[in-house]
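Source file: entry32.txt; contents: compact mmCIF, C-alpha atoms and all ligand atoms.
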```txt
# COMPACT_ATOMS: atom_id res chain seq x y z
CA MET F 1 29.32 83.91 211.44
CA GLN F 2 31.11 82.68 214.50
CA ARG F 3 31.59 78.97 215.17
CA LEU F 4 30.62 77.31 218.42
CA THR F 5 33.99 76.64 220.05
CA PRO F 6 35.35 80.21 219.74
CA THR F 7 32.04 81.51 221.13
CA LEU F 8 32.30 79.20 224.13
CA ARG F 9 35.96 80.16 224.66
CA HIS F 10 34.96 83.81 224.50
CA ASP F 11 32.36 83.06 227.20
CA GLY F 12 35.12 81.67 229.42
CA VAL F 13 33.97 78.03 229.20
CA GLY F 14 36.68 75.54 230.18
CA ILE F 15 38.15 73.07 227.73
CA GLU F 16 36.60 69.99 229.41
CA LEU F 17 33.08 71.43 229.32
CA ILE F 18 33.59 72.44 225.69
CA ALA F 19 34.62 68.87 224.85
CA LEU F 20 31.53 67.53 226.60
CA ILE F 21 29.20 69.97 224.83
CA ARG F 22 30.77 68.96 221.52
CA THR F 23 30.08 65.30 222.32
CA ILE F 24 26.39 66.06 222.94
CA LEU F 25 26.25 68.06 219.73
CA ALA F 26 27.90 65.28 217.71
CA ALA F 27 24.98 63.07 218.77
CA THR F 28 22.45 65.77 217.83
CA LYS F 29 23.93 66.08 214.34
CA GLU F 30 23.41 62.35 213.84
CA ILE F 31 19.86 62.64 215.23
CA SER F 32 19.17 65.60 212.93
CA PHE F 33 20.29 63.54 209.93
CA ARG F 34 18.15 60.55 210.89
CA VAL F 35 15.10 62.75 211.57
CA SER F 36 15.48 64.28 208.10
CA GLN F 37 15.59 60.77 206.59
CA ALA F 38 12.37 59.74 208.45
CA GLU F 39 10.82 56.66 206.76
CA LEU F 40 14.01 56.19 204.76
CA ALA F 41 15.92 55.59 208.01
CA GLY F 42 13.15 53.31 209.41
CA ILE F 43 12.77 55.45 212.53
CA LEU F 44 9.05 56.31 212.48
CA GLY F 45 6.35 54.52 214.51
CA SER F 46 6.25 52.92 217.94
CA THR F 47 8.04 50.06 219.64
CA LEU F 48 5.99 47.59 221.69
CA ASP F 49 7.48 48.94 224.94
CA GLU F 50 6.64 51.59 227.52
CA ASN F 51 9.23 53.85 229.14
CA ILE F 52 9.69 54.54 232.85
CA GLN F 53 6.91 57.16 232.65
CA GLY F 54 4.42 54.56 231.35
CA GLU F 55 4.37 56.21 227.91
CA THR F 56 4.57 54.25 224.67
CA GLN F 57 8.09 54.44 223.31
CA LYS F 58 8.56 55.58 219.76
CA LYS F 59 11.36 54.02 217.74
CA LEU F 60 13.04 57.42 217.59
CA ASP F 61 12.92 57.72 221.42
CA VAL F 62 14.89 54.49 221.64
CA VAL F 63 17.38 55.29 218.86
CA THR F 64 18.15 58.80 220.13
CA ASN F 65 18.48 57.63 223.73
CA GLN F 66 20.94 54.92 222.67
CA LEU F 67 22.97 57.34 220.58
CA LEU F 68 23.35 59.91 223.37
CA LYS F 69 23.97 57.20 225.94
CA ASP F 70 26.70 55.49 223.90
CA MET F 71 28.50 58.75 223.13
CA LEU F 72 28.28 60.16 226.67
CA LEU F 73 29.34 56.94 228.40
CA GLU F 74 32.46 57.00 226.19
CA CYS F 75 33.23 60.65 227.04
CA GLU F 76 36.01 60.98 229.61
CA PHE F 77 34.45 64.11 231.15
CA VAL F 78 31.15 62.46 232.13
CA ARG F 79 30.76 60.91 235.61
CA ALA F 80 27.11 59.81 235.19
CA ILE F 81 24.10 60.22 232.93
CA ALA F 82 20.32 60.31 233.43
CA SER F 83 17.69 60.14 230.71
CA GLU F 84 13.94 60.37 230.39
CA GLU F 85 14.09 56.90 228.88
CA GLU F 86 16.12 55.27 231.68
CA PRO F 87 14.68 54.34 235.10
CA ASN F 88 17.96 54.97 236.96
CA SER F 89 21.02 57.12 236.49
CA ILE F 90 24.05 55.34 235.00
CA ALA F 91 27.69 55.70 236.09
CA ALA F 92 30.17 56.59 233.35
CA THR F 93 33.85 57.58 233.90
CA PRO F 94 35.03 57.59 237.56
CA ASN F 95 36.22 60.98 238.84
CA ALA F 96 35.06 62.78 235.69
CA PRO F 97 33.96 66.38 236.36
CA PHE F 98 30.36 66.49 235.02
CA VAL F 99 27.01 64.72 235.05
CA VAL F 100 24.58 65.05 232.12
CA ALA F 101 20.80 64.58 232.01
CA PHE F 102 18.74 64.64 228.84
CA ASP F 103 15.38 64.15 227.20
CA PRO F 104 16.64 62.54 223.98
CA LEU F 105 13.49 63.25 221.98
CA ASP F 106 11.02 65.84 223.22
CA GLY F 107 7.61 66.14 221.55
CA SER F 108 7.28 62.47 220.58
CA SER F 109 3.73 62.89 219.25
CA ASN F 110 5.19 65.01 216.44
CA ILE F 111 7.62 62.36 215.15
CA ASP F 112 5.23 60.65 212.75
CA ILE F 113 3.74 63.86 211.33
CA ASN F 114 7.01 65.58 210.37
CA GLY F 115 6.43 68.14 213.15
CA ALA F 116 8.99 69.92 215.32
CA ILE F 117 10.83 67.76 217.87
CA GLY F 118 13.98 68.26 219.91
CA THR F 119 16.64 67.10 222.36
CA ILE F 120 16.94 68.84 225.76
CA PHE F 121 20.08 68.59 227.91
CA THR F 122 21.52 69.87 231.17
CA ILE F 123 24.98 69.61 232.73
CA TYR F 124 25.99 69.84 236.41
CA GLN F 125 29.29 69.49 238.25
CA ALA F 126 29.58 65.93 239.57
CA ARG F 127 29.27 65.60 243.36
CA GLY F 128 32.15 64.15 245.35
CA ASP F 129 30.00 63.23 248.37
CA VAL F 130 27.85 60.51 246.74
CA SER F 131 28.68 57.52 244.53
CA ASP F 132 28.77 57.91 240.76
CA SER F 133 25.58 55.90 240.21
CA ASP F 134 23.66 57.59 243.05
CA PRO F 135 20.65 59.54 241.68
CA LYS F 136 21.63 62.31 244.15
CA GLN F 137 24.27 63.27 241.56
CA PHE F 138 21.28 64.78 239.73
CA LEU F 139 19.22 66.07 242.64
CA GLN F 140 20.85 69.49 242.49
CA GLY F 141 18.89 72.75 242.25
CA GLY F 142 18.53 74.25 238.78
CA ARG F 143 20.73 77.24 239.64
CA LYS F 144 23.67 74.84 239.78
CA GLN F 145 23.39 73.96 236.07
CA VAL F 146 26.67 74.79 234.34
CA CYS F 147 25.09 74.45 230.91
CA ALA F 148 21.51 74.07 229.65
CA GLY F 149 20.31 73.74 226.10
CA TYR F 150 18.16 72.17 223.47
CA VAL F 151 18.42 71.26 219.82
CA LEU F 152 15.24 71.84 217.81
CA TYR F 153 14.88 69.65 214.72
CA GLY F 154 12.54 71.89 212.73
CA ALA F 155 12.75 73.37 209.26
CA SER F 156 16.37 73.96 210.25
CA THR F 157 18.28 72.44 213.15
CA LYS F 158 18.78 75.03 215.91
CA LEU F 159 20.85 74.84 219.06
CA VAL F 160 19.87 77.15 221.93
CA MET F 161 22.23 77.11 224.89
CA THR F 162 23.56 78.99 227.88
CA THR F 163 26.68 78.27 229.88
CA GLY F 164 25.79 80.79 232.59
CA GLY F 165 25.91 83.91 230.39
CA PRO F 166 23.44 84.95 227.70
CA THR F 167 21.15 82.46 226.00
CA ARG F 168 22.60 82.10 222.52
CA GLY F 169 21.23 80.54 219.34
CA TYR F 170 23.13 78.56 216.69
CA THR F 171 22.04 77.03 213.40
CA LEU F 172 23.43 73.76 212.05
CA ASP F 173 25.23 74.57 208.82
CA ARG F 174 25.00 71.39 206.78
CA THR F 175 27.59 72.66 204.31
CA HIS F 176 30.40 72.40 206.85
CA GLY F 177 28.68 70.26 209.49
CA GLY F 178 28.97 72.66 212.45
CA TYR F 179 26.75 74.95 214.51
CA LEU F 180 27.16 78.67 213.71
CA LEU F 181 26.15 81.51 216.01
CA THR F 182 23.00 83.08 214.54
CA THR F 183 21.45 84.76 217.61
CA ALA F 184 24.09 86.31 219.85
CA GLU F 185 21.67 86.93 222.69
CA PHE F 186 17.98 86.12 223.06
CA ALA F 187 15.85 88.76 224.83
CA VAL F 188 12.30 87.69 225.66
CA PRO F 189 9.94 90.70 225.30
CA SER F 190 8.49 91.47 228.75
CA SER F 191 4.86 91.73 227.60
CA THR F 192 2.96 89.61 225.11
CA GLN F 193 -0.37 88.74 223.46
CA MET F 194 0.50 85.09 222.82
CA PHE F 195 -0.08 81.99 224.93
CA ALA F 196 0.71 78.28 224.53
CA ILE F 197 -1.47 76.00 226.66
CA ASN F 198 -3.18 72.68 225.95
CA MET F 199 -6.77 73.94 226.20
CA ALA F 200 -8.15 70.39 226.14
CA ASN F 201 -7.17 70.13 229.82
CA GLN F 202 -9.26 73.14 230.85
CA ARG F 203 -11.79 71.22 232.94
CA PHE F 204 -9.03 69.66 235.05
CA TRP F 205 -7.33 72.94 236.04
CA GLN F 206 -7.51 74.67 239.41
CA ALA F 207 -9.79 77.73 239.74
CA GLY F 208 -7.03 80.36 239.49
CA PHE F 209 -5.66 79.01 236.25
CA LYS F 210 -9.16 78.71 234.75
CA ALA F 211 -9.87 82.34 235.69
CA TYR F 212 -6.58 83.46 234.10
CA VAL F 213 -7.30 81.68 230.80
CA ASP F 214 -10.94 82.87 230.76
CA ASP F 215 -9.65 86.44 230.84
CA LEU F 216 -7.12 85.74 228.05
CA LEU F 217 -9.96 84.39 225.91
CA ALA F 218 -12.20 87.38 226.70
CA GLY F 219 -9.74 89.51 224.71
CA GLU F 220 -10.32 93.26 224.34
CA THR F 221 -13.83 93.01 225.80
CA GLY F 222 -12.56 91.44 229.05
CA LYS F 223 -10.54 92.50 232.07
CA ARG F 224 -7.22 92.29 230.20
CA GLY F 225 -8.39 94.73 227.54
CA LYS F 226 -6.37 93.14 224.72
CA ARG F 227 -6.75 90.28 222.27
CA PHE F 228 -4.55 87.20 222.76
CA ASN F 229 -3.60 84.57 220.21
CA MET F 230 -2.87 80.90 220.93
CA ARG F 231 -0.17 78.55 219.55
CA TRP F 232 0.43 74.94 220.66
CA ASN F 233 3.06 72.72 219.03
CA ALA F 234 2.75 69.87 221.57
CA ALA F 235 6.55 69.91 221.76
CA MET F 236 8.01 71.97 224.58
CA VAL F 237 11.18 72.68 222.57
CA ALA F 238 9.17 74.29 219.76
CA ASP F 239 6.88 76.27 222.08
CA VAL F 240 9.79 77.51 224.20
CA HIS F 241 11.70 78.39 221.05
CA ARG F 242 8.84 80.61 219.83
CA THR F 243 8.68 82.17 223.29
CA LEU F 244 12.41 83.00 223.18
CA GLU F 245 12.11 84.44 219.68
CA GLN F 246 8.84 86.36 220.04
CA GLY F 247 7.74 86.33 223.68
CA GLY F 248 4.61 84.65 225.01
CA LEU F 249 3.46 82.55 227.90
CA PHE F 250 3.98 78.78 227.86
CA ALA F 251 2.23 76.80 230.57
CA TYR F 252 1.64 73.21 231.51
CA PRO F 253 -0.10 73.73 234.87
CA SER F 254 -0.93 71.06 237.43
CA ASP F 255 -4.34 69.45 237.01
CA ASN F 256 -6.55 66.80 238.61
CA ARG F 257 -6.72 64.34 235.70
CA ASP F 258 -4.68 61.74 237.56
CA LYS F 259 -4.13 61.87 241.34
CA GLU F 260 -0.76 60.12 241.00
CA LYS F 261 0.44 62.57 238.35
CA ARG F 262 -0.52 66.17 239.14
CA ALA F 263 1.93 67.70 236.65
CA LYS F 264 3.26 66.54 233.29
CA LEU F 265 6.68 68.02 232.62
CA ARG F 266 9.84 66.67 234.21
CA LEU F 267 11.98 68.93 236.39
CA LEU F 268 15.46 67.57 235.70
CA TYR F 269 15.60 67.38 231.91
CA GLU F 270 12.67 69.60 230.80
CA ALA F 271 11.69 72.33 233.27
CA ASN F 272 15.13 73.18 234.72
CA PRO F 273 17.07 73.57 231.46
CA MET F 274 14.21 75.54 229.86
CA ALA F 275 13.92 77.74 232.97
CA MET F 276 17.64 78.55 232.82
CA LEU F 277 17.42 79.42 229.10
CA ILE F 278 14.37 81.64 229.68
CA GLU F 279 15.81 83.42 232.75
CA HIS F 280 19.11 84.07 230.97
CA ALA F 281 17.12 85.68 228.16
CA GLY F 282 15.30 88.02 230.59
CA GLY F 283 12.11 85.95 230.98
CA LYS F 284 10.57 84.30 234.00
CA ALA F 285 10.03 80.59 234.75
CA TYR F 286 7.84 79.50 237.66
CA THR F 287 5.90 76.58 238.99
CA GLU F 288 2.66 77.72 240.56
CA GLN F 289 4.51 79.03 243.66
CA THR F 290 8.28 79.31 243.17
CA ALA F 291 10.92 79.96 240.57
CA ILE F 292 11.60 76.59 238.91
CA LEU F 293 15.35 77.07 239.42
CA ASP F 294 14.80 77.36 243.21
CA ILE F 295 13.13 73.95 243.57
CA GLU F 296 15.09 71.42 245.65
CA PRO F 297 14.70 68.22 243.60
CA THR F 298 13.65 65.02 245.35
CA ASP F 299 13.37 62.54 242.52
CA LEU F 300 15.10 61.83 239.21
CA HIS F 301 11.85 61.84 237.23
CA GLN F 302 10.00 64.43 239.36
CA ARG F 303 7.21 66.33 237.57
CA VAL F 304 6.43 70.02 238.08
CA ALA F 305 3.94 72.58 236.85
CA VAL F 306 5.55 75.02 234.42
CA ILE F 307 4.60 78.64 233.68
CA LEU F 308 7.30 80.48 231.71
CA GLY F 309 7.96 83.24 229.22
CA SER F 310 7.41 87.00 229.10
CA GLN F 311 7.98 88.44 232.55
CA ASP F 312 4.83 90.59 232.89
CA GLU F 313 2.55 87.82 231.64
CA VAL F 314 4.01 85.18 233.97
CA GLU F 315 3.52 87.61 236.87
CA THR F 316 -0.09 88.24 235.83
CA CYS F 317 -0.76 84.50 235.68
CA LEU F 318 0.81 83.98 239.14
CA SER F 319 -1.33 86.77 240.59
CA TYR F 320 -4.52 84.94 239.45
CA LEU F 321 -3.23 81.78 241.15
CA ALA F 322 -2.47 83.69 244.37
CA ASP F 323 -5.92 85.36 244.37
CA ASN F 324 -7.69 82.00 243.99
CA GLN F 325 -5.90 79.97 246.68
O1 LIG R 1 6.28 65.10 227.45
C1 LIG R 1 6.64 66.34 227.07
C2 LIG R 1 5.73 66.95 226.02
O2 LIG R 1 5.72 66.22 224.80
C3 LIG R 1 6.15 68.39 225.79
O3 LIG R 1 7.18 68.47 224.85
C4 LIG R 1 4.88 69.07 225.34
O4 LIG R 1 4.86 70.43 225.69
C5 LIG R 1 3.82 68.28 226.05
O5 LIG R 1 4.39 67.05 226.46
C6 LIG R 1 2.65 68.02 225.15
O6 LIG R 1 1.59 67.62 225.91
P1 LIG R 1 0.13 67.28 225.33
O7 LIG R 1 0.25 65.87 224.81
O8 LIG R 1 -0.77 67.39 226.48
O9 LIG R 1 -0.17 68.25 224.24
```
What's the structure tokens form of this structure?
Amino acid sequence: MQRLTPTLRHDGVGIELIALIRTILAATKEISFRVSQAELAGILGSTLDENIQGETQKKLDVVTNQLLKDMLLECEFVRAIASEEEPNSIAATPNAPFVVAFDPLDGSSNIDINGAIGTIFTIYQARGDVSDSDPKQFLQGGRKQVCAGYVLYGASTKLVMTTGGPTRGYTLDRTHGGYLLTTAEFAVPSSTQMFAINMANQRFWQAGFKAYVDDLLAGETGKRGKRFNMRWNAAMVADVHRTLEQGGLFAYPSDNRDKEKRAKLRLLYEANPMAMLIEHAGGKAYTEQTAILDIEPTDLHQRVAVILGSQDEVETCLSYLADNQ
């Protein structure tokens, strides 16, 4: 099985970007080890703090954020970093070529139950026209990502990444300590009978989305004429991973639960990297109106509706939204 660096070289990735990716992955190997140690490493449970999003911080959120932050601020190829757990972006090495944003620990509600969790990351070229600490370093459209990926800490530790070519999958081989190529190229099946949606939010959805889900639930007796199954991990990394492996539709639509917070998932370090991975595997990733990768970002911690996965199913869902404007 091929190792990571030769695969990246084969894909034409430059030496500086490879070094940066390896720095991120060094942090994920440490996170993977600590996650596997759980109580033994004292990383379960909550802190007494809230993060910038007003969510309770878990100890593992704090530990993983610190680990990635320390390693990336030391990396000579990183101009600035942004994290879900940090209110502002942080300048790193002046004149370095790249900026990195990350969600250090996605799926926090799964930490204490030994469920699937992950780290999501995205890399852009640094901008020369704004200062290193300016958040505008990160307000670049998703199509400008030079690398997007996640590491899923599940039964095994999996890296899924694209550097502009195919979306590839790697598995952490604990015997030699490196990631080995185990899926050369993901290809999301274009049709599906699987959906991943938090159904508890049903009463807060807009009419078009309700109508779409009603028809999924009606199965073979309804308009869709086929039976659908539902899976929900409550960790985007795990639900997107299943979608890449088997197809499906993953959605976290906008809702009217909270007028200040119409959508849940964050554009910079959740929606954009996942959208790039899905598109480069032949799937589709939309908000309710546009391709996620075409959004012009306005805010570091901006939230967007997400509908992604098997192409035909995403299109069907969007057509319900358009018909119910
Ligand atoms: O904040 C991100 C996240 O944990 C995603 O990983 C996941 O898809 C979603 O939130 C879970 O949301 P809920 O708590 O509504 O199930």
Quiz prompt | Environment of ligand LIG 1 (chain R) within 7 Å, counting all atoms listed in the file, reported as a list in words | solution = Asp106, Gly107, Ser108, Ser109, Asn198, Ala234, Ala235, Met236, Val237, Lys264 and Leu265 of chain F
Self-check item: Interatomic distance, atom CA of Ser131 of chain F to atom CA of Leu25 of chain F (Å, one decimal)
Solution: 27.1 Å
Kindly provide the residues of segment 19-44 of chain F that approach segment 9-14 of chain F to within 12 Å, each paired with its closest atom pair and their distance in Å to one decimal, based on only C-alpha atoms, listed by chain and increasing number, as a tab-separated table.
```
residue	atom	partner	partner_atom	distance
F:Ala19	CA	F:Gly14	CA	8.8
F:Leu20	CA	F:Gly14	CA	10.2
F:Ile21	CA	F:Val13	CA	10.3
```
Serialized selection, C-alpha atoms, as a PDB file, keeping the file's coordinate frame:
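result.pdb, written as the output of this step:
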```pdb
ATOM      1  CA  ALA F  19      34.620  68.870 224.850  1.00  0.00           C
ATOM      2  CA  LEU F  20      31.530  67.530 226.600  1.00  0.00           C
ATOM      3  CA  ILE F  21      29.200  69.970 224.830  1.00  0.00           C
TER       4      ILE F  21
END
```
Quiz item: Excluding same-chain residues fewer than 4 positions from segment 248-262 of chain F, what lies within 6 Å of it counting all atoms listed in the file, as a list in words?
Solution: Thr192, Met194, Phe195, Ala196, Ile197, Phe204, Trp205, Thr243, Ala305, Val306, Ile307, Leu308, Gly309 and Ser310 of chain F
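Separating atom CA of Arg22 of chain F from atom CA of Thr182 of chain F is a distance of 17.6 Å.
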Practice problem: Determine, counting all atoms listed in the file, which protein, DNA and RNA residues have an atom within 7 Å of an atom of segment 277-288 of chain F; residues of the same chain fewer than 3 positions away are not included. Present the result as a PyMOL selection string. | Solution: chain F and resi 148+161-162+165-167+186-188+190+244+273-274+291-292+304-311+314+318
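The closest residue to Ile81 of chain F, picked from F:Lys69, F:His301, F:Arg224, F:Arg3 and counting only C-alpha atoms, is F:Lys69.
Counting from atom CA of Gly45 of chain F, the distance to atom CA of Ile113 of chain F is 10.2 Å.
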Quiz prompt | Counting all atoms listed in the file, the residue of F:Tyr124, F:Tyr150, F:Trp232, F:Phe138 that sits nearest Asn88 of chain F | solution = F:Phe138
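Nearest to Ala275 of chain F of all the residues F:Thr122, F:Thr298, F:Ser133, F:Thr171 is F:Thr122, based on all atoms listed in the file.
Distances here use only C-alpha atoms; by that measure, the residue among F:Leu73, F:Ile31, F:Val160, F:Ile90 closest to Leu105 of chain F is F:Ile31.
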Self-check item: Of the listed residues F:Gly128, F:Gly42, F:Gly149, F:Gly154, that which approaches Glu270 of chain F most closely, counting all atoms listed in the file
Solution: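 Under the stated criterion, the closest residue is F:Gly149.
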Quiz item: Do you know which residues are at most 12 Å from Arg34 of chain F counting all atoms listed in the file, after dropping those on the same chain fewer than 2 positions away, and could you put them as JSON, numbers by chain?
Solution: {"F": [27, 28, 29, 30, 31, 32, 36, 37, 38, 39, 40, 41, 42, 43, 44, 59, 60, 63, 64, 67, 111, 153]}
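Among F:Asn201, F:Asn110, F:Thr163, F:Asn95, the residue with the shortest atom-to-atom distance to Val130 of chain F, counting only C-alpha atoms, is F:Asn95.
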Within 8 Å of Pro94 of chain F, counting only C-alpha atoms, which residues qualify if same-chain residues fewer than 2 places away don't, as a PDB file with C-alpha atoms, keeping the file's coordinate frame?
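Below is the file that was written, result_12.pdb:
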```
ATOM      1  CA  ARG F  79      30.760  60.910 235.610  1.00  0.00           C
ATOM      2  CA  ALA F  91      27.690  55.700 236.090  1.00  0.00           C
ATOM      3  CA  ALA F  92      30.170  56.590 233.350  1.00  0.00           C
ATOM      4  CA  ALA F  96      35.060  62.780 235.690  1.00  0.00           C
ATOM      5  CA  ASP F 132      28.770  57.910 240.760  1.00  0.00           C
TER       6      ASP F 132
END
```
How would segment 187-198 of chain F look with N, CA, C and O atoms restored, written as a short mmCIF file (atom, residue, chain, number, x, y, z; two decimals), keeping the file's coordinate frame?
```
data_model
loop_
_atom_site.label_atom_id
_atom_site.label_comp_id
_atom_site.auth_asym_id
_atom_site.auth_seq_id
_atom_site.Cartn_x
_atom_site.Cartn_y
_atom_site.Cartn_z
N ALA F 187 16.46 87.85 223.84
CA ALA F 187 15.85 88.76 224.83
C ALA F 187 14.34 88.60 224.72
O ALA F 187 13.73 89.05 223.74
N VAL F 188 13.74 87.94 225.70
CA VAL F 188 12.30 87.69 225.66
C VAL F 188 11.56 89.00 225.94
O VAL F 188 11.77 89.61 227.00
N PRO F 189 10.70 89.47 225.02
CA PRO F 189 9.94 90.70 225.30
C PRO F 189 9.16 90.55 226.61
O PRO F 189 8.64 89.47 226.89
N SER F 190 9.08 91.63 227.41
CA SER F 190 8.49 91.47 228.75
C SER F 190 6.96 91.35 228.71
O SER F 190 6.36 90.77 229.58
N SER F 191 6.31 91.92 227.67
CA SER F 191 4.86 91.73 227.60
C SER F 191 4.52 91.00 226.30
O SER F 191 5.34 90.92 225.39
N THR F 192 3.31 90.46 226.24
CA THR F 192 2.96 89.61 225.11
C THR F 192 1.45 89.53 224.89
O THR F 192 0.68 89.89 225.79
N GLN F 193 1.05 89.05 223.72
CA GLN F 193 -0.37 88.74 223.46
C GLN F 193 -0.49 87.32 222.93
O GLN F 193 -1.39 87.01 222.15
N MET F 194 0.45 86.46 223.34
CA MET F 194 0.50 85.09 222.82
C MET F 194 0.56 84.10 223.98
O MET F 194 1.31 84.31 224.93
N PHE F 195 -0.22 83.03 223.90
CA PHE F 195 -0.08 81.99 224.93
C PHE F 195 -0.07 80.61 224.30
O PHE F 195 -0.62 80.39 223.22
N ALA F 196 0.59 79.67 224.99
CA ALA F 196 0.71 78.28 224.53
C ALA F 196 0.31 77.38 225.69
O ALA F 196 1.06 77.22 226.65
N ILE F 197 -0.90 76.84 225.59
CA ILE F 197 -1.47 76.00 226.66
C ILE F 197 -2.33 74.94 225.99
O ILE F 197 -3.04 75.25 225.03
N ASN F 198 -2.28 73.70 226.49
CA ASN F 198 -3.18 72.68 225.95
C ASN F 198 -4.58 72.88 226.53
O ASN F 198 -4.88 72.46 227.64
#
```
